$ cat coords-v7.cif   # mmCIF, C-alpha atoms
data_input
#
loop_
_atom_site.label_atom_id
_atom_site.label_comp_id
_atom_site.auth_asym_id
_atom_site.auth_seq_id
_atom_site.Cartn_x
_atom_site.Cartn_y
_atom_site.Cartn_z
CA LEU A 1 -79.77 -47.99 -38.02
CA GLU A 2 -78.91 -44.38 -38.25
CA PHE A 3 -75.82 -42.70 -39.67
CA PRO A 4 -74.14 -39.53 -38.52
CA THR A 5 -75.64 -36.54 -40.10
CA ARG A 6 -72.27 -35.42 -41.39
CA SER A 7 -68.71 -36.47 -41.66
CA PRO A 8 -66.16 -35.48 -39.02
CA THR A 9 -64.75 -32.05 -39.43
CA ALA A 10 -61.41 -31.54 -41.06
CA ALA A 11 -58.23 -32.30 -39.24
CA THR A 12 -56.82 -29.57 -37.04
CA THR A 13 -55.90 -26.77 -39.32
CA GLU A 14 -52.56 -26.02 -37.77
CA PRO A 15 -50.25 -27.58 -35.32
CA PRO A 16 -49.92 -25.81 -31.97
CA THR A 17 -48.64 -22.35 -32.55
CA VAL A 18 -45.34 -22.91 -30.83
CA ASP A 19 -43.71 -25.34 -28.53
CA PRO A 20 -44.05 -24.50 -24.87
CA THR A 21 -42.44 -21.17 -24.39
CA ALA A 22 -39.16 -22.49 -23.13
CA ALA A 23 -37.56 -24.65 -20.56
CA PRO A 24 -36.59 -22.79 -17.42
CA THR A 25 -34.09 -20.21 -18.39
CA GLY A 26 -31.32 -21.82 -16.43
CA VAL A 27 -29.98 -22.48 -13.06
CA PRO A 28 -30.78 -19.74 -10.56
CA THR A 29 -29.01 -16.60 -11.52
CA ALA A 30 -26.89 -16.83 -8.42
CA GLY A 31 -26.54 -18.85 -5.30
CA PRO A 32 -27.92 -17.48 -2.12
CA SER A 33 -26.58 -13.99 -1.81
CA ALA A 34 -23.98 -14.79 0.84
CA ALA A 35 -23.53 -15.34 4.47
CA PRO A 36 -24.42 -12.19 6.38
CA THR A 37 -22.39 -9.45 4.81
CA GLU A 38 -20.54 -8.73 8.01
CA THR A 39 -19.81 -10.49 11.23
CA PRO A 40 -21.52 -8.96 14.26
CA THR A 41 -19.91 -5.67 15.11
CA ALA A 42 -18.33 -7.10 18.25
CA ALA A 43 -18.62 -9.76 20.86
CA PRO A 44 -20.73 -8.80 23.87
CA SER A 45 -19.01 -5.90 25.53
CA SER A 46 -17.70 -7.94 28.44
CA ALA A 47 -18.44 -10.79 30.73
CA PRO A 48 -20.10 -9.91 34.02
CA THR A 49 -17.69 -7.79 36.00
CA ALA A 50 -17.42 -10.29 38.85
CA VAL A 51 -19.07 -13.14 40.58
CA PRO A 52 -22.17 -11.76 42.31
CA THR A 53 -21.22 -10.47 45.72
CA ARG A 54 -22.67 -11.73 48.97
CA GLU A 55 -25.70 -10.01 50.39
CA PRO A 56 -25.31 -7.67 52.18
CA THR A 57 -22.20 -6.31 50.53
CA ALA A 58 -20.73 -4.34 53.43
CA ALA A 59 -19.44 -5.53 56.76
CA ASP A 60 -21.07 -2.53 58.44
CA ALA A 61 -24.46 -4.07 57.70
CA TYR A 62 -23.90 -6.01 60.93
CA ASP A 63 -23.68 -4.64 64.46
CA LEU A 64 -22.25 -7.59 66.39
CA TYR A 65 -19.92 -10.54 66.08
CA ILE A 66 -19.48 -13.89 67.77
CA ALA A 67 -15.88 -14.98 68.34
CA ALA A 68 -15.26 -18.56 67.22
CA GLU A 69 -12.38 -20.89 66.49
CA TYR A 70 -12.63 -23.88 64.18
CA VAL A 71 -10.18 -26.71 63.67
CA MET A 72 -9.42 -28.56 60.45
CA SER A 73 -8.12 -31.99 61.47
CA ASN A 74 -6.53 -34.83 59.49
CA VAL A 75 -5.32 -32.36 56.86
CA SER A 76 -3.43 -34.18 54.09
CA SER A 77 -0.39 -32.94 52.20
CA SER A 78 -2.53 -32.53 49.07
CA ASN A 79 -4.99 -30.41 51.07
CA LEU A 80 -2.10 -28.21 52.19
CA GLN A 81 -0.94 -27.82 48.60
CA VAL A 82 -4.41 -26.60 47.58
CA ILE A 83 -4.40 -24.08 50.44
CA ALA A 84 -0.87 -22.84 49.80
CA ALA A 85 -1.52 -22.36 46.07
CA ASP A 86 -4.37 -19.88 46.65
CA ALA A 87 -4.74 -19.33 50.39
CA VAL A 88 -6.92 -16.21 50.34
CA ASN A 89 -9.55 -17.63 48.01
CA VAL A 90 -9.51 -21.07 49.62
CA MET A 91 -10.18 -19.48 53.02
CA HIS A 92 -13.01 -17.43 51.51
CA ASP A 93 -14.52 -20.70 50.25
CA ILE A 94 -14.13 -22.29 53.68
CA GLU A 95 -15.90 -19.27 55.20
CA ARG A 96 -18.89 -20.07 52.97
CA ILE A 97 -18.72 -23.74 54.03
CA ILE A 98 -18.83 -22.67 57.70
CA GLU A 99 -21.85 -20.45 57.02
CA LYS A 100 -23.62 -23.35 55.31
CA GLY A 101 -22.85 -25.56 58.31
CA TYR A 102 -25.08 -23.27 60.38
CA VAL A 103 -27.76 -22.28 57.85
CA GLU A 104 -28.46 -25.91 56.89
CA GLN A 105 -29.13 -27.04 60.47
CA GLU A 106 -32.79 -27.93 60.99
CA ASP A 107 -33.33 -25.79 64.09
CA ILE A 108 -31.65 -22.67 62.71
CA LEU A 109 -34.04 -20.30 60.95
CA ILE A 110 -31.65 -17.72 59.53
CA GLY A 111 -30.40 -17.35 55.95
CA TYR A 112 -27.04 -16.76 54.33
CA SER A 113 -27.54 -12.98 54.31
CA ASP A 114 -28.08 -12.97 58.08
CA LEU A 115 -24.49 -13.87 58.98
CA TRP A 116 -21.02 -13.41 57.58
CA VAL A 117 -18.11 -15.58 58.67
CA ARG A 118 -14.62 -14.09 58.47
CA ILE A 119 -11.48 -16.14 59.10
CA ILE A 120 -9.07 -13.76 60.83
CA ASP A 121 -5.99 -15.97 60.97
CA VAL A 122 -4.80 -19.55 60.56
CA ASP A 123 -2.64 -20.93 63.37
CA GLY A 124 -1.90 -17.33 64.35
CA ASP A 125 -0.75 -16.29 60.87
CA ALA A 126 -2.63 -13.87 58.62
CA VAL A 127 -4.33 -15.67 55.72
CA ALA A 128 -2.34 -13.67 53.19
CA ASP A 129 0.90 -14.91 54.77
CA LEU A 130 0.18 -18.61 54.25
CA ASP A 131 2.54 -20.10 51.70
CA GLU A 132 3.92 -23.33 50.35
CA PHE A 133 5.84 -23.97 53.56
CA ILE A 134 2.67 -24.49 55.61
CA ASN A 135 2.97 -27.93 57.17
CA ALA A 136 0.50 -29.24 59.73
CA SER A 137 -2.04 -31.99 60.08
CA ALA A 138 -4.41 -29.65 61.93
CA LEU A 139 -5.16 -25.97 61.35
CA ALA A 140 -6.86 -23.60 63.82
CA LEU A 141 -9.07 -21.00 62.14
CA SER A 142 -9.67 -17.97 64.37
CA SER A 143 -12.88 -16.41 63.13
CA GLN A 144 -15.70 -13.96 63.66
CA ILE A 145 -19.38 -14.54 62.83
CA LEU A 146 -20.88 -11.14 61.97
CA CYS A 147 -24.61 -10.80 62.60
CA ASN A 148 -27.26 -8.52 64.05
CA ALA A 149 -28.74 -8.83 67.54
CA ALA A 150 -31.72 -11.08 66.81
CA GLU A 151 -29.79 -13.39 64.49
CA CYS A 152 -26.79 -13.65 66.85
CA LYS A 153 -29.09 -14.55 69.74
CA HIS A 154 -30.92 -17.16 67.65
CA LEU A 155 -27.66 -18.69 66.45
CA LEU A 156 -26.24 -18.96 69.96
CA GLN A 157 -29.43 -20.57 71.23
CA LYS A 158 -29.98 -23.04 68.40
CA GLU A 159 -26.62 -24.02 66.96
CA ASP A 160 -25.62 -27.66 67.34
CA GLN A 161 -21.87 -28.24 67.15
CA ASN A 162 -22.24 -31.93 66.28
CA ALA A 163 -24.62 -31.10 63.43
CA PHE A 164 -22.26 -28.36 62.30
CA SER A 165 -19.27 -30.71 62.20
CA ARG A 166 -21.21 -33.32 60.22
CA LEU A 167 -22.50 -30.85 57.60
CA ALA A 168 -19.28 -28.84 57.29
CA THR A 169 -17.06 -31.92 57.03
CA ILE A 170 -19.11 -33.33 54.14
CA ASP A 171 -18.84 -30.05 52.22
CA LEU A 172 -15.15 -29.59 53.04
CA GLN A 173 -14.27 -33.08 51.81
CA SER A 174 -16.24 -32.51 48.61
CA TYR A 175 -14.46 -29.18 48.16
CA PHE A 176 -10.96 -30.64 48.40
CA ALA A 177 -11.94 -33.69 46.32
CA ASP A 178 -13.05 -31.35 43.53
CA LYS A 179 -9.85 -29.30 43.77
CA GLU A 180 -7.68 -32.41 43.72
CA ALA A 181 -9.80 -34.30 41.14
CA VAL A 182 -10.27 -37.32 43.38
CA ASN A 183 -13.22 -39.06 44.98
CA ALA A 184 -14.55 -37.49 48.17
CA SER A 185 -14.24 -40.86 49.92
CA GLN A 186 -10.46 -40.44 49.72
CA GLN A 187 -10.59 -37.30 51.87
CA THR A 188 -9.91 -37.52 55.61
CA VAL A 189 -10.06 -33.82 56.53
CA THR A 190 -12.72 -32.77 59.07
CA LEU A 191 -14.01 -29.41 60.32
CA SER A 192 -15.33 -28.82 63.82
CA VAL A 193 -15.85 -26.08 66.41
CA MET A 194 -13.00 -25.75 68.90
CA PHE A 195 -14.32 -22.64 70.69
CA MET A 196 -17.37 -20.42 70.39
CA SER A 197 -18.20 -17.44 72.57
CA THR A 198 -21.44 -17.70 74.54
CA GLN A 199 -22.35 -14.11 73.74
CA SER A 200 -21.98 -11.61 70.95
CA SER A 201 -19.88 -8.44 71.09
CA LEU A 202 -20.15 -5.03 69.46
CA ILE A 203 -18.07 -4.65 66.32
CA ASN A 204 -17.33 -1.00 67.09
CA PRO A 205 -17.84 -0.51 70.84
CA GLN A 206 -18.14 3.04 72.10
CA GLN A 207 -16.13 3.39 75.28
CA PRO A 208 -16.48 6.28 77.72
CA PRO A 209 -13.44 8.42 78.52
CA GLN A 210 -11.15 6.74 81.02
CA SER A 211 -8.88 8.35 83.58
CA ASP A 212 -5.18 7.60 83.55
CA PRO A 213 -4.52 5.01 86.27
CA THR A 214 -0.85 6.02 86.37
CA SER A 215 -1.49 9.68 87.19
CA VAL A 216 -0.71 10.81 90.73
CA PRO A 217 -2.22 13.97 92.27
CA THR A 218 0.32 16.74 92.88
CA LEU A 219 0.72 17.38 96.59
CA SER A 220 1.73 20.76 98.06
CA THR A 221 4.85 20.77 100.25
CA SER A 222 3.77 23.85 102.22
CA SER A 223 1.47 23.78 105.19
CA PRO A 224 -2.17 24.34 104.33
CA SER A 225 -3.36 27.90 104.50
CA ALA A 226 -6.75 29.13 105.46
CA VAL A 227 -9.46 28.65 102.91
CA PRO A 228 -9.61 31.86 100.88
CA SER A 229 -12.85 33.75 101.05
CA MET A 230 -12.80 34.24 97.26
CA PRO A 231 -11.06 32.37 94.47
CA PRO A 232 -7.90 33.96 93.07
CA SER A 233 -8.57 36.51 90.35
CA ASN A 234 -6.72 34.39 87.80
CA ALA A 235 -8.59 31.17 88.59
CA PRO A 236 -10.25 29.45 85.60
CA THR A 237 -13.71 30.84 84.95
CA VAL A 238 -15.13 27.35 84.40
CA SER A 239 -14.27 23.95 85.80
CA PRO A 240 -12.77 21.33 83.45
CA THR A 241 -15.44 19.74 81.26
CA ALA A 242 -14.43 16.19 82.09
CA ALA A 243 -12.02 14.10 84.09
CA PRO A 244 -8.63 13.61 82.47
CA THR A 245 -8.75 10.83 79.88
CA ARG A 246 -6.24 8.04 79.36
CA PHE A 247 -3.23 8.84 77.21
CA PRO A 248 -3.49 8.68 74.28
CA THR A 249 -7.11 9.78 74.25
CA VAL A 250 -8.19 8.33 70.93
CA GLU A 251 -8.03 4.82 69.55
CA ASP A 252 -6.38 5.91 66.30
CA ALA A 253 -3.32 7.04 68.25
CA TYR A 254 -2.16 3.43 67.89
CA ASP A 255 -0.85 1.85 64.69
CA SER A 256 -1.45 -1.83 65.33
CA TYR A 257 -2.92 -4.35 67.70
CA VAL A 258 -2.24 -7.83 69.06
CA ASP A 259 -5.09 -10.35 69.22
CA ALA A 260 -5.40 -11.93 72.65
CA LYS A 261 -7.84 -14.12 74.53
CA TYR A 262 -8.01 -14.24 78.31
CA ALA A 263 -9.90 -16.76 80.43
CA MET A 264 -11.33 -16.18 83.89
CA SER A 265 -11.60 -19.55 85.60
CA HIS A 266 -13.26 -20.82 88.80
CA LEU A 267 -15.71 -17.91 88.97
CA LEU A 268 -17.97 -17.76 92.01
CA SER A 269 -21.66 -17.05 91.60
CA SER A 270 -21.07 -13.73 93.37
CA ASN A 271 -18.44 -12.84 90.74
CA VAL A 272 -20.95 -13.48 88.00
CA VAL A 273 -23.63 -11.41 89.74
CA LEU A 274 -21.22 -8.50 90.04
CA MET A 275 -20.35 -8.67 86.35
CA VAL A 276 -23.99 -8.84 85.27
CA GLU A 277 -24.97 -5.87 87.41
CA ASP A 278 -22.36 -3.52 85.92
CA ALA A 279 -20.81 -5.35 82.97
CA VAL A 280 -19.40 -2.34 81.13
CA ASN A 281 -17.52 -0.85 84.07
CA VAL A 282 -16.34 -4.22 85.33
CA ALA A 283 -14.94 -4.95 81.85
CA LEU A 284 -13.17 -1.58 81.81
CA GLU A 285 -11.57 -2.31 85.16
CA LEU A 286 -10.47 -5.73 83.96
CA GLU A 287 -8.82 -4.04 80.97
CA ARG A 288 -6.79 -1.89 83.33
CA MET A 289 -5.78 -4.99 85.34
CA ILE A 290 -4.60 -6.70 82.16
CA GLU A 291 -2.56 -3.63 81.23
CA GLU A 292 -1.04 -3.52 84.71
CA GLY A 293 -0.24 -7.23 84.47
CA TYR A 294 2.07 -6.45 81.53
CA ILE A 295 3.48 -3.12 82.74
CA ASP A 296 4.48 -4.54 86.12
CA GLN A 297 6.47 -7.40 84.63
CA ARG A 298 10.14 -6.79 85.27
CA GLU A 299 11.18 -7.73 81.75
#

$ encode --input "coords-v7.cif" --output "structure tokens"
Amino acid sequence: LEFPTRSPTAATTEPPTVDPTAAPTGVPTAGPSAAPTETPTAAPSSAPTAVPTREPTAADAYDLYIAAEYVMSNVSSSNLQVIAADAVNVMHDIERIIEKGYVEQEDILIGYSDLWVRIIDVDGDAVADLDEFINASALALSSQILCNAAECKHLLQKEDQNAFSRLATIDLQSYFADKEAVNASQQTVTLSVMFMSTQSSLINPQQPPQSDPTSVPTLSTSSPSAVPSMPPSNAPTVSPTAAPTRFPTVEDAYDSYVDAKYAMSHLLSSNVVLMVEDAVNVALELERMIEEGYIDQRE
């Protein structure tokens, strides 16, 4: 048995020098500084200036147009109210629906930027003139499809009027259902092609000068004299540069125009051959016949 060599040392000489320095001084000196000192200087400068425009933006991006007439059938009174409340914009929307009716057809390989449908009038009235008094169960939409040569040709070759009516009617019914806040199954309105030209036409045709069909040569009342050996000294030094043109000579001499459609029926194959061989001049002569058909009316 062994004993410790010495007794334990003395008790701790002093208590700890001090208590722990201190409890935390206090609650944080201040709450978070503040919300951002200022609100943002301003809201974004403005919303986009407008709905993005169609591509291309100008009508002169196209060279040709196809004349067409569409009919909206089974139009309800609520449909008419939607149209009358905002006719211009509703017709713009229907133009887009017509375009989609072509672009979405399986056999048509052109896009939305390749054609531009414009509704010219509704039942003979300008779109801007449609108002709350419009009242019809069917509306005829006289229109033009603007396009360039290749796209116009492709559209005329490939378009399917039954497919168009099916696609356009679905979209038109959905459109009015959304405007009227009802189910599309409650809509009866349909959209179909009533007439479509078989060929495209120039938007701005250049026509050659035309002689006045009403002019009559001035005849001398004296007996003819011998042919002079030399022209009179005061004769014009040069001949006229061109045949007299129709009066007035420029298109902008007129202030307005009247839309009209004429139909040539019961054409013979020889008539068609003649028109194909010299289409421009034949068309010009037909224009003169149409003019004469009005001028010669007694009333």

$ closest_residue --input "coords-v7.cif" --among "A:Ala149, A:Ala87, A:Ala128, A:Leu141" --to "Leu115 of chain A" --atoms "only C-alpha atoms"
A:Ala149

$ closest_residue --input "coords-v7.cif" --among "A:Ile134, A:Met264, A:Val282, A:Ala61" --to "Leu146 of chain A" --atoms "all atoms listed in the file"
A:Ala61

$ closest_residue --input "coords-v7.cif" --among "A:Lys261, A:Arg118, A:Arg288, A:Arg166" --to "Tyr65 of chain A" --atoms "all atoms listed in the file"
A:Arg118

$ atom_distance --input "coords-v7.cif" --atom1 "atom CA of His154 of chain A" --atom2 "atom CA of Ile110 of chain A"
8.2 Å

$ resolve_selection --input "coords-v7.cif" --expression "the PyMOL selection byres ((chain A and resi 184-200) around 6)" --output "PyMOL selection string"
chain A and resi 65-75+165+169+173-174+177+183+201

$ resolve_selection --input "coords-v7.cif" --expression "the PyMOL selection byres ((chain A and resi 63) around 7)" --output "short mmCIF file (atom, residue, chain, number, x, y, z; two decimals) with C-alpha atoms, in the frame of the given file"
data_model
loop_
_atom_site.label_atom_id
_atom_site.label_comp_id
_atom_site.auth_asym_id
_atom_site.auth_seq_id
_atom_site.Cartn_x
_atom_site.Cartn_y
_atom_site.Cartn_z
CA ASP A 60 -21.07 -2.53 58.44
CA ALA A 61 -24.46 -4.07 57.70
CA TYR A 62 -23.90 -6.01 60.93
CA LEU A 64 -22.25 -7.59 66.39
CA CYS A 147 -24.61 -10.80 62.60
CA ASN A 148 -27.26 -8.52 64.05
CA LEU A 202 -20.15 -5.03 69.46
CA ILE A 203 -18.07 -4.65 66.32
#

$ atom_distance --input "coords-v7.cif" --atom1 "atom CA of Lys179 of chain A" --atom2 "atom CA of Glu99 of chain A"
19.9 Å

$ residues_around --input "coords-v7.cif" --residues "segment 78-83 of chain A" --least-positions-apart "4" --cutoff "9 Å" --atoms "only C-alpha atoms" --output "VMD selection string"
chain A and resid 87 to 91 130 to 132 134 to 137 176 179 to 180 187 189

$ atom_distance --input "coords-v7.cif" --atom1 "atom CA of Ile119 of chain A" --atom2 "atom CA of Asp86 of chain A"
14.8 Å

$ closest_residue --input "coords-v7.cif" --among "A:Asp171, A:Glu291, A:Asp123, A:Glu104" --to "Lys158 of chain A" --atoms "only C-alpha atoms"
A:Glu104

$ closest_residue --input "coords-v7.cif" --among "A:Tyr102, A:Trp116, A:Tyr294, A:Tyr257" --to "Asn162 of chain A" --atoms "only C-alpha atoms"
A:Tyr102
